[in-house]
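Participant: Take a look at the following structure, please.
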Number of protein chains: 2
Amino acid sequence: MSSLRERKKARTRAEIQRQALRLFAERGYEATTVEDIAGAAEVARSTFFRYFATKEDVVLFDDVDPLFEKALAAIPAGTPLVVALIKALRATFTELDEQKRADEELRMRLVRTVPEIGAASRARSAGDVEQTACLLASALGRSDEDLEIVTLAGVLIGARLVAQTLVAREPSRSYVDATLETLERLRGGIPLFDEPVVGSP
Amino acid sequence: MSSLRERKKARTRAEIQRQALRLFAERGYEATTVEDIAGAAEVARSTFFRYFATKEDVVLFDDVDPLFEKALAAIPAGTPLVVALIKALRATFTELDEQKRADEELRMRLVRTVPEIGAASRARSAGDVEQTACLLASALGRSDEDLEIVTLAGVLIGARLVAQTLVAREPSRSYVDATLETLERLRGGIPLFDEPVVGSP
DNA sequence: ACAGAAAATAGGACTGAGTCTCAAAAGATA
DNA sequence: TATCTTTTGAGACTCAGTCCTATTTTCTGT
């Protein structure tokens with residue numbers, strides 16, 4: 001069913017992305033203009049924007065959420081939620097690595113390295129509370145209006161932010177591991193919540 | 001110690017932000033250019049960028065945080081952290097005058113409403129983890145490298161996001177109340193963490 | 001009170017991202 | 001082949017953000 005037209009489109013898209021990643025790696029993200037990328041891919045500048053809405057988008061093909069959703073739904077009923085989340089997270093990322101390893105390396109490095117891309121990535125992946133609440137609601141068979149569901153959604157997004165912070169502090173670290181560790185720590189309850197403050201001297 | 005120079009700077013900054021928020025409310029975020037804002041604040045375009053690094057920053061800039069920080073430091077030593085946070089939050093907002101409270105409301109509405117601002121706000125959340133961790137570290141007399149501190153910081157940011165969601169659902173609601181309620185709920189531990197998932201049918 | 005130092009501002013030039021339009025090219029259809 | 005549709009190229013345009021310089025405003029020492 002793939003007409004010549006569709007094959008060409010796919011090839012153009014891939015080529016733009018390939019050249020973009022190559023140039024980002026060579027000269028850096030800021031120092032590479034969209035015009036450079038278009039030129040390297042032998043395409044007009046306006047064509048670039050027909051394939052990718054923004055310059056960041058070349059780096060961010062973020063299909064993680066739907067994959068995670070699928071993985072979570074596949075966890076057998078009766079599993080405690082935290083465990084289910086942990087398993088689904090592992091499954092998602094191992095599946096992701098198998099498919100596109102070479103480019104994925106570079107992509108991750110750019111996300112960690114270039115502040116602008118990192119910010120864009122966080123803005124997308126952090127998602128909003130409502131979205132996560134929906135996910136949890138369907139996982140637990142509850143309503144997404146449920147205040148407990150919403151609260152839990154917030155905590156989980158917080159956990160992701162913590163993981164990102166940990167990776168930022170120690171870039172060699174795996175994001176998945178950092179997330180898993182944070183979830184594990186939260187299983188023991190929210191730390192320090194009843195610790196006394198020291199006050200001002 | 002506040003020289004004329006510093007007072008003027010503070011006034012200029014406040015005026016730019018006030019005009020910006022007013023214009024955003026009137027014509028929308030996209031439809032308002034930095035030049036419009038500068039003009040309304042009777043200031044040069046380049047001056048705008050001396051006060052705010054980006055157009056988004058004019059919305060994200062928050063002069064409530066330092067107030068909260070002060071309020072937290074004023075809580076007597078020995079108070080459990082959650083209680084201290086709750087008290088400090090209350091104190092901060094009762095202290096705000098009518099004008100600032102209204103500005104704060106509008107700011108929050110824009111963060112929820114304009115996708116671009118929401119994204120920028122989320123993108124900064126990770127940085128906020130570090131910042132919040134510092135705050136908590138000094139409140140508890142610990143190091144901000146402490147993993148428990150960082151984790152707690154993430155949870156609190158999550159709580160803030162939850163509060164925003166609740167206000168979005170029920171706009172008549174006060175943001176402070178929503179935050180306080182969420183903190184109270186979290187005192188009882190993270191809800192639903194060990195609830196069994198239903199799996200896919 | 002006044003001169004000179006330090007800081008803030010206005011104003012404008014410039015780069016690059018993102019949008020839009022239109023005519024030409026390539027592909028599909030019959 | 002002729003014709004209709006989709007994709008592309010090219011260029012004009014807006015606006016965010018950077019940078020530089022001359023000018024004004026505030027501060028400081030005398």
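How things are named: the first chain in the structure tokens is A, the next is B, and so on; residues count from 1 in each chain; ligands count from 1 in the order shown.
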May I have the residues within 10 Å of Ala40 of chain B as a list in words, using only C-alpha atoms (C1' of nucleotides) and disregarding those fewer than 5 positions away in the same chain?
Facilitator: Glu15, Ile16, Arg18, Gln19, Ala20, Arg22, Leu23, Val34 and Glu35 of chain B
Participant: Please dump the current selection as a PDB file, in the first residue's frame; keep N, CA and C atoms.
Facilitator:
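Printed below is out-v6.pdb as written:
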ATOM      1  N   GLU B  15       5.943  47.150  37.105  1.00  0.00           N
ATOM      2  CA  GLU B  15       5.100  47.791  36.103  1.00  0.00           C
ATOM      3  C   GLU B  15       5.086  46.989  34.811  1.00  0.00           C
ATOM      4  N   ILE B  16       6.252  46.533  34.396  1.00  0.00           N
ATOM      5  CA  ILE B  16       6.321  45.709  33.179  1.00  0.00           C
ATOM      6  C   ILE B  16       5.424  44.483  33.348  1.00  0.00           C
ATOM      7  N   ARG B  18       2.938  44.016  35.416  1.00  0.00           N
ATOM      8  CA  ARG B  18       1.525  44.380  35.520  1.00  0.00           C
ATOM      9  C   ARG B  18       0.920  44.612  34.146  1.00  0.00           C
ATOM     10  N   GLN B  19       1.605  45.422  33.342  1.00  0.00           N
ATOM     11  CA  GLN B  19       1.108  45.723  32.001  1.00  0.00           C
ATOM     12  C   GLN B  19       1.046  44.459  31.155  1.00  0.00           C
ATOM     13  N   ALA B  20       2.046  43.632  31.297  1.00  0.00           N
ATOM     14  CA  ALA B  20       2.079  42.393  30.520  1.00  0.00           C
ATOM     15  C   ALA B  20       0.869  41.531  30.853  1.00  0.00           C
ATOM     16  N   ARG B  22      -1.901  42.418  32.180  1.00  0.00           N
ATOM     17  CA  ARG B  22      -3.124  43.082  31.735  1.00  0.00           C
ATOM     18  C   ARG B  22      -3.360  42.828  30.246  1.00  0.00           C
ATOM     19  N   LEU B  23      -2.312  43.033  29.442  1.00  0.00           N
ATOM     20  CA  LEU B  23      -2.459  42.842  28.004  1.00  0.00           C
ATOM     21  C   LEU B  23      -2.748  41.383  27.656  1.00  0.00           C
ATOM     22  N   VAL B  34       6.192  41.709  22.710  1.00  0.00           N
ATOM     23  CA  VAL B  34       7.041  42.318  23.727  1.00  0.00           C
ATOM     24  C   VAL B  34       7.051  43.836  23.543  1.00  0.00           C
ATOM     25  N   GLU B  35       6.981  44.256  22.298  1.00  0.00           N
ATOM     26  CA  GLU B  35       6.952  45.694  22.020  1.00  0.00           C
ATOM     27  C   GLU B  35       5.700  46.342  22.628  1.00  0.00           C
TER      28      GLU B  35
END
Participant: Enumerate as a VMD selection string the residues belonging to chain B that approach chain D to within 12 Å, with only C-alpha atoms (C1' of nucleotides) taken into account.
Facilitator: chain B and resid 3 to 9 30 to 36 45 to 46 48 to 50 52 to 56
Participant: I'd like the contact shell of Asp146 of chain A - 12 Å cut-off, only C-alpha atoms (C1' of nucleotides), skipping same-chain residues fewer than 2 positions apart - returned as a list in words.
Facilitator: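 Neighbouring residues, sequence-local ones excluded: Glu130, Ala133, Cys134, Leu136, Ala137, Ser138, Leu140, Gly141, Arg142, Ser143, Asp144, Glu148, Ile149, Val150, Thr151, Leu152 and Ala153 of chain A; Leu166, Pro191 and Leu192 of chain B.
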Participant: Residual C-alpha RMSD for chain A onto chain B, least squares, all atoms in order?
Facilitator: 3.0 Å
Participant: Could you list, with a cut-off of 12 Å and counting only C-alpha atoms (C1' of nucleotides), the residues of chain C near chain A, each shown with its nearest atom pair and the distance in Å rounded to one decimal, rows sorted by chain and ascending number, as CSV?
Facilitator:
residue,atom,partner,partner_atom,distance
C:DT15,C1',A:Thr33,CA,10.3
C:DG16,C1',A:Thr33,CA,7.3
C:DA17,C1',A:Thr54,CA,8.0
C:DG18,C1',A:Thr54,CA,7.6
C:DT19,C1',A:Ser46,CA,9.7
C:DC20,C1',A:Ser46,CA,10.4
C:DT21,C1',A:Ser46,CA,11.8
C:DA26,C1',A:Arg5,CA,9.0
C:DG27,C1',A:Arg5,CA,6.6
C:DA28,C1',A:Arg5,CA,9.0
Participant: Pick out the chain A residues within 6 Å of chain B. Count only C-alpha atoms. Give them as a PyMOL selection string.
Facilitator: chain A and resi 73+75-82+119+122-123+139-140+148+154-155+158-159+161-162+189+191+193-200
Participant: Selection from above, C-alpha atoms, as a short mmCIF file (atom, residue, chain, number, x, y, z; two decimals), in the first residue's frame, can you write it?
Facilitator:
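Printed below is out27.cif as written:
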data_model
loop_
_atom_site.label_atom_id
_atom_site.label_comp_id
_atom_site.auth_asym_id
_atom_site.auth_seq_id
_atom_site.Cartn_x
_atom_site.Cartn_y
_atom_site.Cartn_z
CA ALA A 73 -2.59 -2.44 30.70
CA ILE A 75 0.15 -6.19 33.76
CA PRO A 76 -1.97 -8.97 35.31
CA ALA A 77 -4.90 -7.90 37.47
CA GLY A 78 -4.36 -7.92 41.21
CA THR A 79 -0.80 -6.61 41.07
CA PRO A 80 -0.29 -3.77 43.54
CA LEU A 81 -0.16 -0.45 41.70
CA VAL A 82 3.42 0.50 42.54
CA ALA A 119 13.36 21.66 28.96
CA ARG A 122 10.36 17.73 30.37
CA ALA A 123 7.52 19.96 29.26
CA ALA A 139 -5.54 1.07 35.79
CA LEU A 140 -7.38 0.98 39.10
CA GLU A 148 -7.04 10.29 45.66
CA GLY A 154 0.72 14.53 41.25
CA VAL A 155 3.05 12.46 43.39
CA GLY A 158 6.86 14.64 41.24
CA ALA A 159 8.74 11.34 41.25
CA LEU A 161 10.91 15.26 38.26
CA VAL A 162 13.03 13.88 41.07
CA GLY A 189 6.00 6.88 52.70
CA PRO A 191 10.19 11.10 53.81
CA PHE A 193 7.18 14.85 56.52
CA ASP A 194 7.03 14.93 60.32
CA GLU A 195 10.61 15.93 60.94
CA PRO A 196 10.89 19.05 63.13
CA VAL A 197 12.13 22.24 61.48
CA VAL A 198 15.13 24.02 62.93
CA GLY A 199 13.71 27.53 62.66
CA SER A 200 15.77 30.66 62.22
#
Participant: Rounded to one decimal place, report the atom CA of Ala88 of chain A-atom CA of Ala71 of chain A distance in Å.
Facilitator: 5.0 Å
Participant: Assign secondary structure with DSSP using the backbone only, and return the residues of chain A in alpha helix (DSSP H) as a PyMOL selection string.
Facilitator: chain A and resi 4-27+34-40+45-51+64-73+81-99+101-113+115-125+129-140+147-169+175-187
